[in-house]
>>> print(open('protein_27.txt').read())   # compact mmCIF, C-alpha atoms
# COMPACT_ATOMS: atom_id res chain seq x y z
CA MET A 1 7.69 -16.70 -43.67
CA GLU A 2 10.03 -13.80 -44.28
CA TYR A 3 13.42 -13.85 -42.54
CA ARG A 4 15.51 -10.81 -41.69
CA GLU A 5 19.08 -10.41 -40.46
CA LEU A 6 19.27 -9.82 -36.72
CA GLY A 7 21.89 -7.11 -36.54
CA ARG A 8 25.44 -8.47 -36.57
CA THR A 9 24.58 -11.83 -34.99
CA GLY A 10 24.71 -13.67 -38.30
CA TRP A 11 21.21 -15.04 -37.66
CA LYS A 12 18.25 -14.73 -39.96
CA VAL A 13 15.10 -14.68 -37.86
CA SER A 14 11.41 -14.83 -38.66
CA ALA A 15 9.89 -11.40 -39.28
CA ILE A 16 6.99 -12.43 -37.09
CA SER A 17 8.49 -14.10 -34.05
CA PHE A 18 7.03 -15.08 -30.68
CA GLY A 19 6.88 -13.05 -27.49
CA ALA A 20 6.60 -15.39 -24.51
CA TRP A 21 5.47 -13.01 -21.76
CA ALA A 22 1.83 -14.16 -21.84
CA ILE A 23 2.67 -17.84 -21.43
CA GLY A 24 4.56 -17.02 -18.25
CA GLY A 25 2.03 -14.89 -16.40
CA THR A 26 0.37 -11.51 -15.71
CA TRP A 27 -1.96 -12.04 -18.68
CA GLY A 28 -4.63 -14.06 -16.92
CA ALA A 29 -4.94 -17.84 -16.73
CA VAL A 30 -2.83 -19.94 -19.06
CA GLN A 31 -2.33 -23.69 -19.43
CA ASP A 32 1.15 -25.05 -20.09
CA SER A 33 -0.19 -27.69 -22.48
CA GLU A 34 -1.90 -25.04 -24.57
CA SER A 35 1.14 -22.79 -24.42
CA LEU A 36 3.35 -25.60 -25.69
CA ALA A 37 0.87 -26.27 -28.47
CA ALA A 38 1.08 -22.61 -29.49
CA LEU A 39 4.89 -22.74 -29.43
CA HIS A 40 4.98 -25.88 -31.56
CA ARG A 41 2.51 -24.39 -34.03
CA ALA A 42 4.71 -21.34 -34.36
CA VAL A 43 7.71 -23.52 -35.24
CA ASP A 44 5.55 -25.46 -37.71
CA LEU A 45 4.82 -22.16 -39.47
CA GLY A 46 8.43 -21.04 -39.67
CA VAL A 47 9.04 -19.08 -36.47
CA ASN A 48 12.62 -19.54 -35.27
CA PHE A 49 13.00 -16.73 -32.71
CA PHE A 50 11.40 -16.58 -29.28
CA ASP A 51 11.67 -13.82 -26.69
CA THR A 52 11.26 -14.43 -22.97
CA ALA A 53 12.54 -13.21 -19.59
CA ASP A 54 13.54 -14.75 -16.29
CA VAL A 55 10.65 -13.01 -14.50
CA TYR A 56 7.88 -14.21 -16.82
CA GLY A 57 6.09 -16.55 -14.45
CA ASP A 58 9.26 -16.67 -12.32
CA GLY A 59 10.98 -18.83 -14.95
CA ARG A 60 7.88 -20.64 -16.22
CA SER A 61 8.17 -19.13 -19.70
CA GLU A 62 11.88 -19.98 -19.96
CA ARG A 63 11.25 -23.56 -18.90
CA LEU A 64 8.53 -23.99 -21.54
CA LEU A 65 10.93 -22.75 -24.21
CA GLY A 66 13.57 -25.13 -22.94
CA GLN A 67 11.09 -27.97 -23.44
CA LEU A 68 10.24 -26.74 -26.91
CA ARG A 69 13.86 -26.75 -28.02
CA GLN A 70 14.38 -30.26 -26.67
CA GLN A 71 11.34 -31.48 -28.61
CA ARG A 72 12.24 -29.92 -31.98
CA SER A 73 15.04 -30.55 -34.45
CA GLU A 74 14.83 -27.11 -36.08
CA THR A 75 17.25 -24.32 -35.22
CA ILE A 76 15.53 -22.16 -32.60
CA TYR A 77 16.96 -18.95 -31.17
CA ILE A 78 15.83 -17.95 -27.68
CA ALA A 79 16.35 -14.47 -26.30
CA THR A 80 15.89 -13.90 -22.59
CA LYS A 81 16.27 -10.93 -20.26
CA ALA A 82 17.78 -10.19 -16.88
CA GLY A 83 17.56 -7.49 -14.26
CA ARG A 84 13.96 -7.34 -13.14
CA ARG A 85 14.53 -9.92 -10.42
CA LEU A 86 16.20 -7.13 -8.47
CA ASN A 87 14.15 -5.87 -5.54
CA PRO A 88 14.37 -2.97 -5.35
CA HIS A 89 14.97 -2.59 -9.08
CA VAL A 90 17.74 0.02 -8.94
CA ALA A 91 20.82 0.73 -11.04
CA GLU A 92 23.14 -0.23 -8.18
CA GLY A 93 21.84 -3.79 -8.41
CA TYR A 94 23.31 -4.33 -11.88
CA THR A 95 26.48 -5.85 -10.45
CA ARG A 96 28.70 -8.62 -11.75
CA GLU A 97 27.50 -10.92 -8.98
CA ASN A 98 23.81 -10.34 -9.66
CA LEU A 99 23.99 -10.50 -13.45
CA THR A 100 26.06 -13.68 -13.30
CA ALA A 101 23.54 -15.27 -10.94
CA PHE A 102 20.64 -14.31 -13.21
CA VAL A 103 22.41 -15.82 -16.21
CA GLU A 104 23.13 -19.07 -14.36
CA ARG A 105 19.47 -19.35 -13.40
CA SER A 106 18.32 -18.77 -17.00
CA LEU A 107 20.80 -21.34 -18.29
CA LYS A 108 19.23 -23.87 -15.94
CA ASN A 109 15.66 -22.93 -16.88
CA LEU A 110 16.44 -23.15 -20.59
CA ALA A 111 18.52 -26.34 -20.16
CA THR A 112 21.40 -24.94 -22.18
CA ASP A 113 25.10 -24.18 -21.84
CA ALA A 114 24.95 -20.69 -23.38
CA LEU A 115 22.22 -18.09 -23.79
CA ASP A 116 21.65 -17.20 -27.45
CA LEU A 117 20.80 -13.58 -26.66
CA LEU A 118 20.74 -11.89 -23.26
CA GLN A 119 19.02 -8.53 -22.90
CA LEU A 120 19.08 -6.13 -19.98
CA HIS A 121 15.41 -5.97 -18.97
CA CYS A 122 14.35 -2.32 -19.07
CA PRO A 123 16.89 -1.19 -16.48
CA PRO A 124 16.79 2.27 -14.92
CA THR A 125 18.04 4.94 -17.31
CA GLN A 126 21.18 5.38 -15.20
CA VAL A 127 22.39 1.90 -16.16
CA TYR A 128 22.98 3.03 -19.75
CA TYR A 129 25.53 5.48 -18.37
CA MET A 130 27.44 2.76 -16.50
CA PRO A 131 30.04 1.26 -18.88
CA GLU A 132 31.03 -1.27 -16.25
CA VAL A 133 27.67 -3.03 -16.66
CA PHE A 134 28.35 -3.61 -20.34
CA GLY A 135 31.85 -4.77 -19.40
CA VAL A 136 30.24 -7.52 -17.31
CA LEU A 137 28.19 -8.56 -20.36
CA ASP A 138 31.39 -8.65 -22.44
CA ASP A 139 32.95 -10.95 -19.85
CA LEU A 140 29.92 -13.24 -19.88
CA VAL A 141 30.36 -13.57 -23.64
CA LYS A 142 34.07 -14.32 -23.21
CA ALA A 143 33.21 -16.95 -20.60
CA GLY A 144 30.91 -18.69 -23.09
CA LYS A 145 27.79 -18.15 -20.98
CA VAL A 146 26.22 -15.71 -23.48
CA ARG A 147 26.55 -15.65 -27.27
CA HIS A 148 25.19 -12.15 -27.93
CA TYR A 149 23.69 -9.38 -25.85
CA GLY A 150 21.40 -6.41 -26.22
CA VAL A 151 18.92 -4.31 -24.28
CA SER A 152 15.20 -3.92 -23.82
CA VAL A 153 14.33 -0.26 -23.31
CA GLU A 154 11.43 1.96 -22.35
CA LYS A 155 12.67 5.16 -23.97
CA VAL A 156 14.19 6.20 -27.28
CA GLU A 157 16.84 8.08 -25.28
CA GLU A 158 17.92 4.78 -23.71
CA ALA A 159 18.04 3.03 -27.07
CA LEU A 160 20.26 5.71 -28.57
CA LYS A 161 22.61 5.57 -25.58
CA ALA A 162 22.75 1.77 -25.55
CA ILE A 163 23.91 1.45 -29.15
CA GLU A 164 26.95 3.59 -28.37
CA TYR A 165 28.34 0.46 -26.72
CA PRO A 166 30.03 -1.46 -29.55
CA ASN A 167 28.86 -4.93 -28.53
CA VAL A 168 25.17 -4.14 -28.09
CA GLU A 169 23.74 -6.07 -31.03
CA THR A 170 19.99 -5.76 -30.46
CA VAL A 171 17.49 -3.32 -29.03
CA GLN A 172 13.98 -4.31 -28.01
CA ILE A 173 11.62 -1.34 -27.99
CA ILE A 174 7.88 -0.68 -28.00
CA PHE A 175 6.92 0.08 -31.60
CA ASN A 176 3.41 -0.14 -32.96
CA MET A 177 0.61 1.94 -34.48
CA PHE A 178 0.39 3.78 -31.13
CA ARG A 179 4.14 4.31 -30.78
CA HIS A 180 5.76 5.95 -33.81
CA ARG A 181 8.65 7.84 -32.26
CA PRO A 182 11.35 5.11 -32.57
CA SER A 183 11.10 5.38 -36.37
CA GLU A 184 12.10 9.04 -36.41
CA LEU A 185 15.76 8.97 -35.32
CA PHE A 186 16.56 5.71 -33.60
CA PHE A 187 15.84 3.44 -36.58
CA GLU A 188 18.27 5.37 -38.75
CA GLN A 189 21.01 5.18 -36.13
CA ALA A 190 20.42 1.48 -35.52
CA LYS A 191 20.70 0.72 -39.24
CA LYS A 192 24.01 2.58 -39.40
CA ARG A 193 25.39 0.38 -36.63
CA ARG A 194 23.72 -2.81 -37.88
CA VAL A 195 21.77 -3.22 -34.67
CA GLY A 196 18.79 -5.58 -34.73
CA ILE A 197 15.44 -4.18 -33.61
CA LEU A 198 12.81 -6.28 -31.85
CA ALA A 199 9.41 -4.54 -31.92
CA ARG A 200 7.70 -5.42 -28.67
CA VAL A 201 4.15 -4.77 -27.47
CA PRO A 202 3.26 -4.82 -31.20
CA LEU A 203 -0.48 -5.10 -30.54
CA ALA A 204 -0.58 -2.57 -27.68
CA SER A 205 -1.55 -5.22 -25.11
CA GLY A 206 -4.31 -6.53 -27.38
CA MET A 207 -5.86 -3.12 -28.08
CA LEU A 208 -4.77 -3.24 -31.73
CA THR A 209 -6.47 -6.60 -32.28
CA GLY A 210 -9.73 -4.66 -32.41
CA LYS A 211 -11.33 -7.18 -30.06
CA LEU A 212 -11.48 -5.09 -26.89
CA LYS A 213 -14.61 -3.20 -25.89
CA PRO A 214 -15.50 -0.50 -23.35
CA ASP A 215 -16.76 -3.18 -20.97
CA SER A 216 -14.01 -5.77 -21.54
CA GLN A 217 -13.03 -7.45 -18.26
CA PHE A 218 -9.53 -8.59 -17.30
CA ALA A 219 -8.49 -11.10 -14.65
CA PRO A 220 -7.01 -9.65 -11.44
CA ASP A 221 -3.58 -11.08 -12.35
CA ASP A 222 -3.67 -9.51 -15.84
CA HIS A 223 -1.53 -6.36 -16.05
CA ARG A 224 -4.25 -4.76 -18.17
CA ALA A 225 -6.36 -4.68 -15.00
CA PHE A 226 -3.73 -3.49 -12.52
CA ASN A 227 -1.04 -1.53 -14.39
CA ARG A 228 -2.87 1.08 -16.47
CA ASP A 229 -1.43 3.84 -14.28
CA GLY A 230 1.96 2.19 -13.80
CA ALA A 231 1.26 0.68 -10.38
CA ALA A 232 3.51 -2.35 -10.99
CA PHE A 233 5.89 -1.28 -13.78
CA ASP A 234 6.17 1.35 -16.50
CA ARG A 235 2.66 2.34 -17.59
CA GLY A 236 3.83 2.39 -21.21
CA GLU A 237 3.88 -1.43 -21.12
CA THR A 238 0.08 -1.52 -20.78
CA PHE A 239 -1.89 -0.39 -23.85
CA SER A 240 1.32 1.44 -24.87
CA GLY A 241 0.51 4.10 -22.30
CA VAL A 242 -2.63 5.25 -24.10
CA ASP A 243 -5.86 5.99 -22.21
CA TYR A 244 -8.22 3.03 -22.70
CA ALA A 245 -11.21 5.01 -23.98
CA ILE A 246 -9.17 7.09 -26.40
CA ALA A 247 -7.40 3.98 -27.67
CA LEU A 248 -10.76 2.41 -28.46
CA GLN A 249 -11.71 5.49 -30.50
CA ALA A 250 -8.48 5.33 -32.47
CA VAL A 251 -8.94 1.62 -33.13
CA GLU A 252 -12.39 2.25 -34.61
CA GLU A 253 -10.79 4.60 -37.14
CA LEU A 254 -8.04 2.09 -37.87
CA LYS A 255 -10.67 -0.59 -38.51
CA ALA A 256 -12.16 1.63 -41.21
CA ILE A 257 -8.88 1.60 -43.19
CA CYS A 258 -7.92 -2.04 -42.55
CA PRO A 259 -7.23 -3.60 -45.97
CA PRO A 260 -9.58 -6.35 -47.18
CA GLY A 261 -8.44 -9.83 -46.27
CA MET A 262 -6.55 -8.73 -43.16
CA SER A 263 -7.65 -8.92 -39.56
CA MET A 264 -6.85 -5.91 -37.37
CA THR A 265 -4.13 -8.00 -35.73
CA GLN A 266 -2.52 -8.69 -39.09
CA PHE A 267 -2.89 -5.06 -40.15
CA ALA A 268 -1.08 -3.90 -37.01
CA LEU A 269 1.74 -6.41 -37.48
CA ARG A 270 2.10 -5.75 -41.21
CA TRP A 271 2.39 -2.02 -40.45
CA ILE A 272 5.43 -2.75 -38.25
CA LEU A 273 7.08 -4.83 -40.99
CA MET A 274 6.82 -1.89 -43.41
CA PHE A 275 9.86 -0.46 -41.60
CA ASP A 276 12.99 -2.17 -42.88
CA ALA A 277 15.00 -1.23 -39.77
CA VAL A 278 12.79 -3.63 -37.77
CA THR A 279 14.10 -7.17 -37.63
CA CYS A 280 10.96 -8.72 -36.22
CA ALA A 281 7.77 -8.12 -34.29
CA ILE A 282 7.24 -10.33 -31.25
CA PRO A 283 3.50 -10.71 -30.58
CA GLY A 284 2.44 -13.13 -27.88
CA ALA A 285 0.14 -16.10 -28.25
CA LYS A 286 -1.47 -18.31 -25.63
CA ARG A 287 -3.21 -20.60 -28.12
CA PRO A 288 -2.27 -22.12 -31.50
CA SER A 289 -5.01 -20.12 -33.26
CA GLN A 290 -3.49 -16.85 -32.03
CA ALA A 291 -0.07 -17.90 -33.27
CA GLU A 292 -1.53 -18.73 -36.68
CA GLU A 293 -3.24 -15.36 -37.00
CA ASN A 294 -0.09 -13.48 -35.98
CA ILE A 295 2.25 -15.40 -38.25
CA ALA A 296 0.04 -15.00 -41.32
CA ALA A 297 0.83 -11.27 -41.23
CA ALA A 298 4.34 -12.00 -42.53
CA ASP A 299 2.87 -13.13 -45.85
CA MET A 300 0.43 -10.24 -46.27
CA PRO A 301 1.04 -7.74 -49.12
CA PRO A 302 2.71 -4.40 -48.35
CA LEU A 303 0.46 -1.59 -47.20
CA SER A 304 -0.19 1.28 -49.60
CA GLU A 305 1.21 4.78 -49.10
CA THR A 306 -2.35 5.98 -48.63
CA VAL A 307 -2.98 3.55 -45.79
CA MET A 308 0.35 4.38 -44.16
CA ALA A 309 -0.54 8.08 -44.31
CA GLU A 310 -3.93 7.40 -42.75
CA VAL A 311 -2.33 5.50 -39.86
CA ARG A 312 -0.10 8.50 -39.26
CA ARG A 313 -3.12 10.86 -39.34
CA ILE A 314 -4.97 8.78 -36.76
CA TYR A 315 -1.86 8.70 -34.58
CA ASP A 316 -1.47 12.46 -34.83
CA GLN A 317 -5.13 13.06 -34.02
CA TYR A 318 -5.63 10.67 -31.11
CA ILE A 319 -2.35 9.33 -29.79
CA ARG A 320 0.64 11.62 -30.31
CA ALA A 321 -0.04 13.99 -27.41
CA LEU A 322 -0.46 11.07 -25.02
CA VAL A 323 2.77 9.19 -25.73
CA HIS A 324 5.15 10.81 -28.16
CA HIS A 325 7.36 12.79 -25.79
CA TYR A 326 7.08 10.48 -22.81
CA TRP A 327 8.99 7.53 -24.23
>>> encode(input="protein_27.txt", output="structure tokens")
Amino acid sequence: MEYRELGRTGWKVSAISFGAWAIGGTWGAVQDSESLAALHRAVDLGVNFFDTADVYGDGRSERLLGQLRQQRSETIYIATKAGRRLNPHVAEGYTRENLTAFVERSLKNLATDALDLLQLHCPPTQVYYMPEVFGVLDDLVKAGKVRHYGVSVEKVEEALKAIEYPNVETVQIIFNMFRHRPSELFFEQAKKRRVGILARVPLASGMLTGKLKPDSQFAPDDHRAFNRDGAAFDRGETFSGVDYAIALQAVEELKAICPPGMSMTQFALRWILMFDAVTCAIPGAKRPSQAEENIAAADMPPLSETVMAEVRRIYDQYIRALVHHYW
């Protein structure tokens, strides 16, 4: 496993880490015993960083990670998120009272005295222009409830604004073969400020695994069935905002340039790690075998300049017009 510095936190975290959305919910049926087995397998293989949120399964994902940490002796860093419990989810809800209550709930779920990393969970754009919100986060750090904080964003604009706040240490952003824009300006600015970058939705909701087909079926409680047009949350969270049929076409071209010895999943993850501004990718896994496949990407050889150029060509041909200027 490769380890990279997470911004200014002083932590070195696994380049392939673990996104724990799927083990909470909205990805179809999942069994806690199998989820725990996947988490333990990830630790066995060197993963030391896990990303969750208080709304993933209404705390289910956090509680599983709390169990994991109690059952392991290794150092494990757990990042969680707050804000999406608000209903309605509006900027005015990001108050001291609400944020403090969310933190207290996550502390209980994770069975800990302090959150390793707290991230604002894709708040409305207006929140990034409210310094008082970041002042509340500073106070939570001073109170010992939170060790470090960052943001999870939908848009590059939000990422650039967030890192103007001096104590924002991490940014979680969608970055994958279908989402190139963060690498153009934001990565450079983040490196200047020593801000850690967590690449989320690294497999474009499973599209970049190469396993989906035109007739693939998804459970009713799987966001890939109900959120393609943004009915429940930002549509960019589902298949990275790319039309399903067009995404399948692009994936077929990507399969043709996938290096020997790599699965499409590993190819997609290795592509992300070619960018040194990225601290880690956080693919999800519901089963140990998925965790194993994901984690193996960290030990794959670098991609050639030719392959990198071909990925860019495919993006330009199929994807750019659909996503580039929206997020």
>>> atom_distance(input="protein_27.txt", atom1="CA of Ala42 (chain A)", atom2="CA of Leu269 (chain A)")
15.5 Å
>>> closest_atom_pairs(input="protein_27.txt", of="region 132-206 of chain A", to="region 257-265 of chain A", cutoff="10 Å", atoms="only C-alpha atoms", output="Markdown table")
| residue | atom | partner | partner_atom | distance |
| --- | --- | --- | --- | --- |
| A:Pro202 | CA | A:Thr265 | CA | 9.2 |
| A:Leu203 | CA | A:Thr265 | CA | 7.0 |
| A:Gly206 | CA | A:Thr265 | CA | 8.5 |
>>> closest_atom_pairs(input="protein_27.txt", of="region 166-271 of chain A", to="region 121-136 of chain A", cutoff="12 Å", atoms="only C-alpha atoms", output="tab-separated table")
residue	atom	partner	partner_atom	distance
A:Pro166	CA	A:Phe134	CA	9.6
A:Asn167	CA	A:Phe134	CA	8.3
A:Val168	CA	A:Phe134	CA	8.4
A:Glu169	CA	A:Phe134	CA	11.9
A:Val171	CA	A:Cys122	CA	10.5
A:Gln172	CA	A:Cys122	CA	9.2
A:Ile173	CA	A:Cys122	CA	9.4
A:Ile174	CA	A:Cys122	CA	11.1
A:Phe233	CA	A:Cys122	CA	10.0
A:Asp234	CA	A:Cys122	CA	9.3
A:Gly236	CA	A:Cys122	CA	11.7
A:Glu237	CA	A:Cys122	CA	10.7
>>> residues_near_point(input="protein_27.txt", point="(-0.5, -1.0, -47.3)", cutoff="9 Å", atoms="only C-alpha atoms", output="list of chain:residue names")
A:Cys258, A:Pro259, A:Phe267, A:Arg270, A:Trp271, A:Met274, A:Pro301, A:Pro302, A:Leu303, A:Ser304, A:Glu305, A:Thr306, A:Val307, A:Met308
>>> closest_atom_pairs(input="protein_27.txt", of="region 101-151 of chain A", to="region 73-81 of chain A", cutoff="10 Å", atoms="all atoms listed in the file", output="CSV")
residue,atom,partner,partner_atom,distance
A:Phe102,CA,A:Lys81,CA,9.0
A:Val103,CA,A:Lys81,CA,8.8
A:Ser106,CA,A:Thr80,CA,7.8
A:Leu107,CA,A:Thr80,CA,9.9
A:Leu110,CA,A:Ile78,CA,8.8
A:Leu115,CA,A:Ala79,CA,7.3
A:Asp116,CA,A:Ile78,CA,5.9
A:Leu117,CA,A:Ala79,CA,4.6
A:Leu118,CA,A:Thr80,CA,5.3
A:Gln119,CA,A:Lys81,CA,4.5
A:Leu120,CA,A:Lys81,CA,5.6
A:His121,CA,A:Lys81,CA,5.2
A:Cys122,CA,A:Lys81,CA,8.9
A:His148,CA,A:Ala79,CA,9.3
A:Tyr149,CA,A:Ala79,CA,8.9
A:Gly150,CA,A:Lys81,CA,9.1
A:Val151,CA,A:Lys81,CA,8.2
>>> residues_around(input="protein_27.txt", residues="Lys286 (chain A)", least_positions_apart="5", cutoff="7 Å", atoms="all atoms listed in the file", output="VMD selection string")
chain A and resid 22 to 23 30 34 to 35 38
>>> closest_atom_pairs(input="protein_27.txt", of="region 182-227 of chain A", to="region 321-326 of chain A", cutoff="12 Å", atoms="all atoms listed in the file", output="JSON lines")
{"residue": "A:Pro182", "atom": "CA", "partner": "A:His324", "partner_atom": "CA", "distance": 9.5}
{"residue": "A:Ser183", "atom": "CA", "partner": "A:His324", "partner_atom": "CA", "distance": 11.5}
{"residue": "A:Glu184", "atom": "CA", "partner": "A:His324", "partner_atom": "CA", "distance": 10.9}
>>> write_last_selection(input="protein_27.txt", atoms="C-alpha atoms", output="compact mmCIF listing (two decimals), in the frame of the given file")
# COMPACT_ATOMS: atom_id res chain seq x y z
CA PRO A 182 11.35 5.11 -32.57
CA SER A 183 11.10 5.38 -36.37
CA GLU A 184 12.10 9.04 -36.41
>>> closest_residue(input="protein_27.txt", among="A:Ala309, A:Val251, A:Ala159, A:Ala291", to="His40 (chain A)", atoms="all atoms listed in the file")
A:Ala291
>>> residues_around(input="protein_27.txt", residues="Lys145 (chain A)", least_positions_apart="5", cutoff="7 Å", atoms="only C-alpha atoms", output="list of chain:residue names")
A:Asp113, A:Ala114, A:Leu115, A:Leu140
>>> atom_distance(input="protein_27.txt", atom1="CA of Met177 (chain A)", atom2="CA of Ala219 (chain A)")
25.4 Å
>>> atom_distance(input="protein_27.txt", atom1="CA of Gly93 (chain A)", atom2="CA of Phe226 (chain A)")
25.9 Å
>>> closest_residue(input="protein_27.txt", among="A:Lys191, A:Lys213, A:Lys108, A:Lys155", to="Gly66 (chain A)", atoms="all atoms listed in the file")
A:Lys108
>>> closest_residue(input="protein_27.txt", among="A:Ala247, A:Val278, A:Ala296, A:Ala231", to="Phe186 (chain A)", atoms="all atoms listed in the file")
A:Val278
>>> closest_residue(input="protein_27.txt", among="A:Tyr244, A:Asp58, A:Ala277, A:Glu157", to="Val195 (chain A)", atoms="all atoms listed in the file")
A:Ala277
>>> closest_residue(input="protein_27.txt", among="A:Leu65, A:Val146, A:Ala190, A:Met207", to="Ala268 (chain A)", atoms="all atoms listed in the file")
A:Met207
>>> closest_residue(input="protein_27.txt", among="A:Asp32, A:Asp221, A:Asp51, A:Glu164", to="Ala199 (chain A)", atoms="all atoms listed in the file")
A:Asp51
>>> axis_aligned_box(input="protein_27.txt", around="region 270-274 of chain A", padding_each_side="5 Å", output="lines of an AutoDock Vina configuration file")
center_x = 4.6
center_y = -3.8
center_z = -40.8
size_x = 15.0
size_y = 13.9
size_z = 15.2
>>> residues_around(input="protein_27.txt", residues="Ala15 (chain A)", least_positions_apart="4", cutoff="6 Å", atoms="all atoms listed in the file", output="ChimeraX atom specification")
/A:2-3,280
